[in-house]
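Chemist: Take a look at start14.cif, mmCIF, C-alpha atoms:
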```
data_start
loop_
_atom_site.label_atom_id
_atom_site.label_comp_id
_atom_site.auth_asym_id
_atom_site.auth_seq_id
_atom_site.Cartn_x
_atom_site.Cartn_y
_atom_site.Cartn_z
CA MET N 49 178.42 33.66 -10.41
CA ASN N 50 174.91 34.76 -9.56
CA SER N 51 175.45 38.41 -8.57
CA ASP N 52 171.99 38.86 -7.00
CA VAL N 53 172.58 35.95 -4.64
CA HIS N 54 176.03 37.34 -3.94
CA LYS N 55 174.61 40.81 -3.09
CA LEU N 56 171.99 39.27 -0.83
CA LEU N 57 174.54 37.17 1.01
CA ARG N 58 176.83 40.17 1.45
CA LEU N 59 174.12 41.69 3.67
CA LYS N 60 174.84 38.99 6.22
CA ARG N 61 178.03 40.80 7.20
CA TYR N 62 175.83 43.26 9.10
CA GLU N 63 174.87 40.50 11.52
CA HIS N 64 177.27 40.59 14.44
CA PRO N 65 177.27 40.80 18.22
CA THR N 66 177.60 44.07 20.11
CA PRO N 67 181.14 45.55 20.23
CA ASP N 68 181.65 44.85 23.95
CA TYR N 69 181.18 41.14 23.21
CA PHE N 70 184.74 40.91 21.85
CA GLU N 71 186.25 42.63 24.90
CA ARG N 72 184.44 40.21 27.19
CA PHE N 73 185.51 37.38 24.92
CA VAL N 74 189.22 37.81 25.81
CA ASP N 75 188.42 37.74 29.56
CA GLU N 76 186.27 34.67 29.08
CA PHE N 77 189.12 33.07 27.14
CA HIS N 78 191.49 33.63 30.08
CA ASP N 79 189.00 32.12 32.54
CA ARG N 80 188.57 29.13 30.32
CA GLN N 81 192.30 28.60 29.93
CA ARG N 82 192.78 28.68 33.71
CA SER N 83 189.98 26.19 34.32
CA GLU N 84 191.35 23.92 31.59
CA LEU N 85 194.75 24.00 33.26
CA LEU N 86 193.23 22.98 36.60
CA ARG N 87 191.22 20.18 35.02
CA GLN N 88 194.22 18.67 33.24
CA PRO N 89 195.82 15.69 35.06
CA ALA N 90 199.44 16.09 36.22
CA TRP N 91 200.74 13.36 33.89
CA LYS N 92 199.33 15.21 30.89
CA LEU N 93 201.07 18.43 31.89
CA ALA N 94 204.33 16.53 32.46
CA TRP N 95 203.96 14.81 29.09
CA GLU N 96 203.34 18.13 27.30
CA ARG N 97 206.43 19.64 28.95
CA LEU N 98 208.53 16.62 27.97
CA VAL N 99 207.33 16.78 24.37
CA ASP N 100 207.97 20.53 24.23
CA SER N 101 211.50 20.06 25.54
CA LEU N 102 212.39 17.57 22.79
CA PRO N 103 214.14 18.99 19.73
CA ASP N 104 211.87 19.30 16.73
CA PHE N 105 213.20 17.64 13.57
CA ARG N 106 209.86 17.84 11.77
CA VAL N 107 209.16 14.38 13.14
CA PRO N 108 205.70 13.66 14.51
CA ARG N 109 205.97 13.94 18.27
CA LEU N 110 204.50 10.51 18.90
CA ALA N 111 207.38 9.11 16.85
CA TYR N 112 209.70 9.80 19.81
CA ALA N 113 207.56 7.54 21.96
CA ALA N 114 207.49 4.89 19.21
CA VAL N 115 211.29 4.98 18.85
CA GLY N 116 211.70 4.73 22.65
CA ALA N 117 209.36 1.75 22.80
CA ALA N 118 211.17 0.07 19.89
CA ALA N 119 214.55 0.56 21.63
CA VAL N 120 213.21 -1.04 24.83
CA ALA N 121 211.75 -3.96 22.84
CA VAL N 122 215.03 -4.61 20.95
CA SER N 123 217.03 -4.48 24.22
CA ALA N 124 214.62 -6.95 25.81
CA VAL N 125 214.92 -9.37 22.86
CA ILE N 126 218.75 -9.23 23.01
CA LEU N 127 218.79 -9.87 26.76
CA VAL N 128 216.38 -12.79 26.52
CA SER N 129 218.28 -14.42 23.64
CA GLN N 130 221.55 -14.16 25.61
CA GLN N 131 219.95 -15.82 28.59
CA ASP N 132 218.68 -18.63 26.36
CA GLN N 133 222.18 -19.29 25.06
CA GLY N 134 223.30 -19.90 28.65
CA LEU N 135 227.11 -20.21 28.89
CA PRO N 136 229.33 -18.23 26.56
CA ALA N 137 231.27 -19.98 23.73
CA THR N 138 234.57 -20.26 25.67
CA ALA N 139 232.82 -21.85 28.61
CA LEU N 140 231.15 -24.30 26.26
CA ALA N 141 234.51 -25.33 24.80
CA LEU N 142 235.98 -25.92 28.25
CA ASN N 143 233.01 -28.02 29.28
CA ASP N 144 233.13 -30.18 26.12
CA PRO N 145 233.50 -33.85 27.25
CA ARG N 146 235.30 -34.90 24.04
CA PRO N 147 239.09 -35.28 24.08
CA MET N 148 241.04 -32.20 22.98
CA VAL N 149 243.89 -32.09 20.51
CA ASN N 150 246.32 -29.29 19.55
CA VAL N 151 245.62 -28.33 15.91
CA LEU N 152 248.84 -26.32 15.42
CA PRO N 153 252.21 -27.95 14.49
CA PRO N 154 254.53 -28.59 17.44
CA GLY N 155 256.26 -25.44 18.63
CA ARG N 156 253.75 -23.08 16.92
CA GLY N 157 251.46 -22.63 19.89
CA ASP N 158 248.62 -24.42 21.51
CA VAL N 159 245.10 -24.21 20.04
CA ARG N 160 243.04 -27.12 21.20
CA LEU N 161 239.82 -28.26 19.62
CA PRO N 162 237.64 -31.23 20.51
CA VAL N 163 238.26 -34.37 18.48
CA SER N 164 235.34 -35.30 16.27
CA SER N 165 234.17 -38.82 16.51
CA ARG N 166 232.17 -40.70 13.86
CA SER N 167 229.08 -40.16 15.91
CA ASP N 168 229.41 -36.38 15.32
CA PHE N 169 228.70 -36.86 11.60
CA PRO N 170 225.81 -39.11 10.62
CA PRO N 171 226.63 -41.60 7.80
CA HIS N 172 226.05 -40.24 4.31
CA TYR N 173 225.40 -42.54 1.34
CA VAL N 174 225.29 -41.74 -2.36
CA LEU N 175 223.11 -44.06 -4.38
CA GLU N 176 223.16 -44.54 -8.18
CA ALA N 177 225.59 -41.73 -8.71
CA ARG N 178 228.36 -41.84 -11.30
CA PRO N 179 231.77 -40.38 -10.61
CA VAL N 180 232.45 -37.21 -12.53
CA SER N 181 234.83 -37.79 -15.46
CA TYR N 182 236.15 -35.58 -18.27
CA GLU N 183 236.80 -38.61 -20.45
CA SER N 184 234.45 -39.23 -23.31
CA PRO N 185 232.02 -41.99 -22.54
CA TYR N 186 232.81 -44.04 -25.74
CA SER N 187 229.26 -45.07 -26.00
CA PHE N 188 228.65 -44.81 -29.76
CA MET Q 203 196.67 47.72 0.07
CA ALA Q 204 199.38 45.09 -0.45
CA GLU Q 205 201.65 47.06 1.90
CA VAL Q 206 199.01 47.00 4.63
CA ALA Q 207 198.63 43.22 4.22
CA GLU Q 208 202.40 42.81 4.38
CA GLU Q 209 202.61 44.94 7.50
CA GLN Q 210 199.86 42.88 9.12
CA GLU Q 211 201.73 39.71 8.20
CA ILE Q 212 204.93 41.01 9.82
CA ASN Q 213 202.94 41.96 12.91
CA ASP Q 214 201.47 38.45 13.05
CA VAL Q 215 204.90 36.87 12.69
CA ASP Q 216 206.12 38.93 15.63
CA LEU Q 217 203.08 38.13 17.77
CA VAL Q 218 203.35 34.42 16.97
CA ALA Q 219 207.07 34.37 17.79
CA ARG Q 220 206.42 36.11 21.12
CA THR Q 221 203.63 33.64 21.93
CA GLN Q 222 205.93 30.73 21.08
CA ASP Q 223 208.49 32.24 23.46
CA GLY Q 224 205.89 32.14 26.23
CA ASP Q 225 204.38 35.64 26.20
CA PRO Q 226 200.61 35.10 26.68
CA ARG Q 227 199.83 38.81 26.07
CA ALA Q 228 200.98 38.42 22.50
CA PHE Q 229 198.39 35.71 22.01
CA ASP Q 230 195.74 37.98 23.55
CA ASP Q 231 196.53 40.48 20.79
CA LEU Q 232 196.03 37.76 18.20
CA VAL Q 233 192.70 36.83 19.81
CA ARG Q 234 191.58 40.50 19.76
CA LYS Q 235 192.65 40.84 16.16
CA TYR Q 236 191.06 37.69 14.76
CA SER Q 237 188.01 37.05 16.95
CA PRO Q 238 185.63 39.34 15.01
CA ARG Q 239 186.59 37.76 11.70
CA LEU Q 240 186.49 34.21 13.00
CA TYR Q 241 183.20 34.98 14.72
CA GLY Q 242 181.74 35.83 11.30
CA LEU Q 243 183.06 32.59 9.81
CA VAL Q 244 181.73 30.35 12.58
CA TYR Q 245 178.45 32.22 13.08
CA ASN Q 246 177.54 32.07 9.41
CA MET Q 247 178.24 28.36 9.39
CA THR Q 248 176.26 27.55 12.56
CA SER Q 249 173.55 30.29 12.57
CA ASN Q 250 173.65 30.12 16.34
CA HIS Q 251 175.27 32.66 18.64
CA GLU Q 252 175.78 30.35 21.65
CA ASP Q 253 177.39 27.62 19.55
CA THR Q 254 179.60 30.23 17.90
CA ASN Q 255 180.76 31.54 21.27
CA ASP Q 256 181.64 28.05 22.58
CA LEU Q 257 183.33 27.05 19.34
CA LEU Q 258 185.34 30.23 19.17
CA GLN Q 259 186.70 29.60 22.67
CA ASP Q 260 187.63 26.04 21.66
CA ILE Q 261 189.27 27.25 18.45
CA PHE Q 262 191.51 29.76 20.23
CA SER Q 263 192.35 27.21 22.95
CA LYS Q 264 193.33 24.71 20.30
CA ALA Q 265 195.37 27.34 18.44
CA TYR Q 266 197.17 28.31 21.66
CA ARG Q 267 198.02 24.69 22.47
CA SER Q 268 199.25 24.04 18.91
CA ILE Q 269 201.09 27.29 18.25
CA ARG Q 270 204.51 25.78 18.99
CA GLY Q 271 203.92 23.53 16.00
CA PHE Q 272 203.20 26.49 13.70
CA LYS Q 273 206.23 26.80 11.42
CA GLY Q 274 205.06 29.68 9.25
CA LYS Q 275 204.67 27.62 6.06
CA SER Q 276 201.36 29.44 5.57
CA SER Q 277 200.28 32.74 7.07
CA PHE Q 278 198.94 32.69 10.64
CA TYR Q 279 195.64 33.90 9.22
CA THR Q 280 195.34 30.84 6.92
CA TRP Q 281 196.48 28.47 9.69
CA LEU Q 282 193.94 29.84 12.16
CA HIS Q 283 191.11 29.78 9.61
CA THR Q 284 191.95 26.16 8.77
CA ILE Q 285 191.64 25.20 12.45
CA ALA Q 286 188.37 27.15 12.71
CA THR Q 287 186.82 25.63 9.59
CA ASN Q 288 187.78 22.06 10.48
CA MET Q 289 186.54 22.39 14.06
CA THR Q 290 183.27 23.98 12.94
CA ILE Q 291 182.59 21.32 10.32
CA ASN Q 292 183.34 18.57 12.89
CA PHE Q 293 181.05 20.29 15.37
CA LEU Q 294 178.23 20.56 12.82
CA LYS Q 295 178.51 16.86 12.00
CA LYS Q 296 177.91 16.04 15.67
CA ARG Q 297 175.39 18.76 16.46
CA SER Q 298 171.82 17.75 17.03
CA ARG Q 299 169.65 18.70 14.09
CA THR Q 300 166.98 20.00 16.46
CA ARG Q 301 169.15 22.89 17.60
CA GLY Q 302 167.49 26.06 16.38
CA MET Q 303 168.88 29.37 15.20
CA SER Q 304 169.73 32.17 17.62
CA LEU Q 305 170.61 35.07 15.42
CA ASP Q 306 172.61 38.18 16.17
CA ASP Q 307 171.16 41.64 15.75
CA VAL Q 308 171.57 43.24 12.37
CA ASP Q 309 173.77 46.33 12.40
CA ASN Q 310 171.95 49.56 11.49
CA GLY Q 311 174.60 50.11 8.84
CA ILE Q 312 172.59 47.81 6.59
CA HIS Q 313 170.12 50.67 5.94
CA HIS Q 314 172.92 52.59 4.18
CA ASP Q 315 174.15 49.63 2.17
CA PRO Q 316 173.63 50.31 -1.60
CA ASP Q 317 172.54 46.72 -2.26
CA PHE Q 318 170.00 46.86 0.54
CA ILE Q 319 168.71 50.26 -0.64
CA GLU Q 320 168.44 48.96 -4.20
CA MET Q 321 166.52 45.94 -3.03
CA THR Q 322 164.06 47.75 -0.77
CA SER Q 323 163.37 51.06 -2.52
CA GLY Q 324 163.09 52.52 -6.00
CA PRO Q 325 160.91 51.45 -8.90
CA ASP Q 326 162.23 47.89 -9.09
CA ALA Q 327 162.12 47.15 -5.35
CA ARG Q 328 161.71 43.37 -5.07
CA ARG Q 329 159.23 43.49 -2.22
CA GLU Q 330 158.53 45.12 1.08
CA VAL Q 331 161.43 43.66 3.06
CA ASN Q 332 161.15 43.06 6.72
CA LEU Q 333 164.71 42.98 7.97
CA LYS Q 334 164.11 40.24 10.52
CA GLU Q 335 162.37 38.13 7.92
CA LEU Q 336 165.19 38.62 5.44
CA GLN Q 337 167.71 37.60 8.07
CA THR Q 338 165.75 34.49 9.00
CA ARG Q 339 165.24 33.47 5.37
CA LEU Q 340 168.91 34.00 4.52
CA ASN Q 341 169.99 31.87 7.45
CA GLU Q 342 167.46 29.17 6.67
CA ALA Q 343 168.70 29.06 3.09
CA MET Q 344 172.30 28.85 4.28
CA MET Q 345 171.47 25.99 6.63
CA LYS Q 346 170.04 24.00 3.73
CA LEU Q 347 173.50 23.86 2.15
CA SER Q 348 175.95 21.12 3.06
CA ASN Q 349 178.62 22.11 5.59
CA GLU Q 350 181.32 22.19 2.89
CA HIS Q 351 179.24 24.37 0.56
CA ARG Q 352 178.27 26.69 3.41
CA ALA Q 353 181.93 27.13 4.33
CA VAL Q 354 182.79 28.22 0.79
CA VAL Q 355 179.81 30.60 0.57
CA THR Q 356 180.63 32.13 3.96
CA MET Q 357 184.25 32.75 3.06
CA PHE Q 358 183.62 34.04 -0.46
CA ASP Q 359 180.27 35.85 -0.40
CA ILE Q 360 180.14 37.10 3.17
CA GLN Q 361 183.78 37.48 4.13
CA GLY Q 362 185.06 38.43 0.70
CA MET Q 363 188.02 36.04 0.59
CA PRO Q 364 189.63 35.27 -2.78
CA HIS Q 365 189.24 31.77 -4.27
CA ALA Q 366 192.92 30.95 -3.81
CA GLU Q 367 192.83 31.75 -0.08
CA ILE Q 368 189.69 29.63 0.41
CA GLY Q 369 191.39 26.77 -1.43
CA LYS Q 370 194.39 26.98 0.90
CA ILE Q 371 192.21 27.01 4.01
CA LEU Q 372 190.09 24.06 2.92
CA GLY Q 373 192.93 22.17 1.26
CA ILE Q 374 191.15 22.04 -2.12
CA SER Q 375 191.92 23.43 -5.57
CA GLU Q 376 190.65 26.76 -6.81
CA GLY Q 377 188.59 24.89 -9.38
CA THR Q 378 186.83 22.95 -6.64
CA VAL Q 379 186.14 26.21 -4.78
CA ARG Q 380 184.54 27.65 -7.93
CA SER Q 381 182.44 24.57 -8.61
CA ARG Q 382 181.22 24.45 -5.00
CA LEU Q 383 180.28 28.12 -5.24
CA PHE Q 384 178.42 27.58 -8.49
CA TYR Q 385 176.42 24.69 -7.04
CA ALA Q 386 175.71 26.55 -3.75
CA HIS Q 387 174.56 29.71 -5.55
CA ARG Q 388 172.17 27.68 -7.66
CA GLN Q 389 170.68 26.12 -4.54
CA LEU Q 390 170.44 29.46 -2.75
CA GLN Q 391 168.76 31.01 -5.76
CA ASN Q 392 165.96 28.47 -5.46
CA HIS Q 393 165.50 29.13 -1.75
CA LEU Q 394 165.64 32.93 -2.03
CA GLN Q 395 163.60 33.34 -5.18
CA GLU Q 396 161.22 35.91 -3.69
CA PHE Q 397 164.06 38.30 -2.83
CA LEU Q 398 165.66 38.11 -6.27
CA VAL Q 399 164.86 39.85 -9.56
CA PRO Q 400 162.47 37.69 -11.62
#
```
Would you encode the structure as structure tokens?
Modeler:
Amino acid sequence: MNSDVHKLLRLKRYEHPTPDYFERFVDEFHDRQRSELLRQPAWKLAWERLVDSLPDFRVPRLAYAAVGAAAVAVSAVILVSQQDQGLPATALALNDPRPMVNVLPPGRGDVRLPVSSRSDFPPHYVLEARPVSYESPYSF
Amino acid sequence: MAEVAEEQEINDVDLVARTQDGDPRAFDDLVRKYSPRLYGLVYNMTSNHEDTNDLLQDIFSKAYRSIRGFKGKSSFYTWLHTIATNMTINFLKKRSRTRGMSLDDVDNGIHHDPDFIEMTSGPDARREVNLKELQTRLNEAMMKLSNEHRAVVTMFDIQGMPHAEIGKILGISEGTVRSRLFYAHRQLQNHLQEFLVP
């Protein structure tokens, strides 16, 4: 360290305002705080109070807003998807035009499901496929 | 000395807790306690009394608004100085370069300072020093430093803070503090050549 420069710079500590400046400073600070309070819009004050009332879990305060927004978004997606599905599953089964048949043996109850017709399953063909066999192919 | 610092720390903790509980008079005590010191920090970085006054008001307003978020991980002193340094550096980045200096009066105590006496009298007096001229030249030299270098010089050379404390306030290592000081001193030496021993 250059001690001459250091000594010279130390002289700067003698530069300061008059002592009554700091007494006036506190009064000026109060005036400024009051005027700031009056200039602040009501929503900002309400927001600050809301944020202050929230428990602090070392989480950034804006995170509360983000979590709230995310919750609203997820709820909206669930509601919209339910509306798209229209009728619930039971109502769909009742409205199925296909004939119903009881799938349980007689006397065991009554669980009816629609009968599948061929048109429910499109035809499926297997071409050039060999059946699986464990026998040796005898192709010496 | 350490006991006094500890006592001050306890006093700060109490004042901060009372402010957080909604007692504005406790914050007034903190303002009274720290405004002279923070004034020195901001003034020596801006070299302008009016800017220092406005900035100091903003700094304490910001500290008051944020004090609920102060968890005591660092001392209140470090926390407040960090706010002050960041706000002053941001202000200086935006400030018009044309803004001139408006310097405070120099305390008469300087005439009794051993370094000042050594410099201005005796057989190896550097030169006939006009106090106002010295003040102006010192401030001009300071303003030629970058904001970051000026902050380190202000805290170390003028305010007498230890390297570790400066590092905490600026969020840099002690090594970086030392290297910034070394570079800044070299620059200042060039600008203040006439006041230094040949």
Chemist: Take the PyMOL selection byres ((chain Q) within 9 of (chain N)), apply it to the structure above, and return the hits as a VMD selection string.
Modeler: chain Q and resid 230 233 to 234 237 to 238 241 to 242 245 to 246 251 255 259 262 to 263 270 305 to 312 315 317 to 318 321 337 340 to 341 355 to 356 358 to 362 380 383 to 384 387 to 388 390 to 391 394 397 to 399
Chemist: I'd like the neighbourhood of stretch 280-285 of chain Q as a PyMOL selection string, where a residue qualifies if any of its atoms comes within 7 Å (using all atoms listed in the file), though same-chain residues fewer than 3 positions away should be ignored.
Modeler: chain Q and resi 261+265+276-277+288-289+371-372
Chemist: Would you write out those residues with C-alpha atoms, as a PDB file, keeping the file's coordinate frame?
Modeler:
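Wrote result_13.pdb, looks like this:
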```pdb
ATOM      1  CA  ILE Q 261     189.270  27.250  18.450  1.00  0.00           C
ATOM      2  CA  ALA Q 265     195.370  27.340  18.440  1.00  0.00           C
ATOM      3  CA  SER Q 276     201.360  29.440   5.570  1.00  0.00           C
ATOM      4  CA  SER Q 277     200.280  32.740   7.070  1.00  0.00           C
ATOM      5  CA  ASN Q 288     187.780  22.060  10.480  1.00  0.00           C
ATOM      6  CA  MET Q 289     186.540  22.390  14.060  1.00  0.00           C
ATOM      7  CA  ILE Q 371     192.210  27.010   4.010  1.00  0.00           C
ATOM      8  CA  LEU Q 372     190.090  24.060   2.920  1.00  0.00           C
TER       9      LEU Q 372
END
```
Chemist: From the list N:Ala118, N:Leu86, N:Ala94, N:Val163, which residue is nearest N:Val149 when using only C-alpha atoms?
Modeler: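 Nearest candidate to N:Val149 out of N:Ala118, N:Leu86, N:Ala94, N:Val163: N:Val163.
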Chemist: What does the distance from atom CA of Q:Asn332 to atom CA of Q:Lys346 come to in Å, to one decimal?
Modeler: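 Computing it gives 21.2 Å between the two atoms.
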Chemist: Report, in Å with one decimal, the straight-line distance from atom CA of Q:Leu243 to atom CA of Q:Ile368.
Modeler: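 We find that atom CA of Q:Leu243 and atom CA of Q:Ile368 lie 11.9 Å from each other.
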Chemist: Here is a test: counting all atoms listed in the file, which residue of Q:Leu294, Q:Val244, Q:Leu347, Q:Ala353 is nearest to Q:Ala386?
Modeler: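 Comparing Q:Leu294, Q:Val244, Q:Leu347, Q:Ala353 against Q:Ala386, the winner is Q:Leu347.
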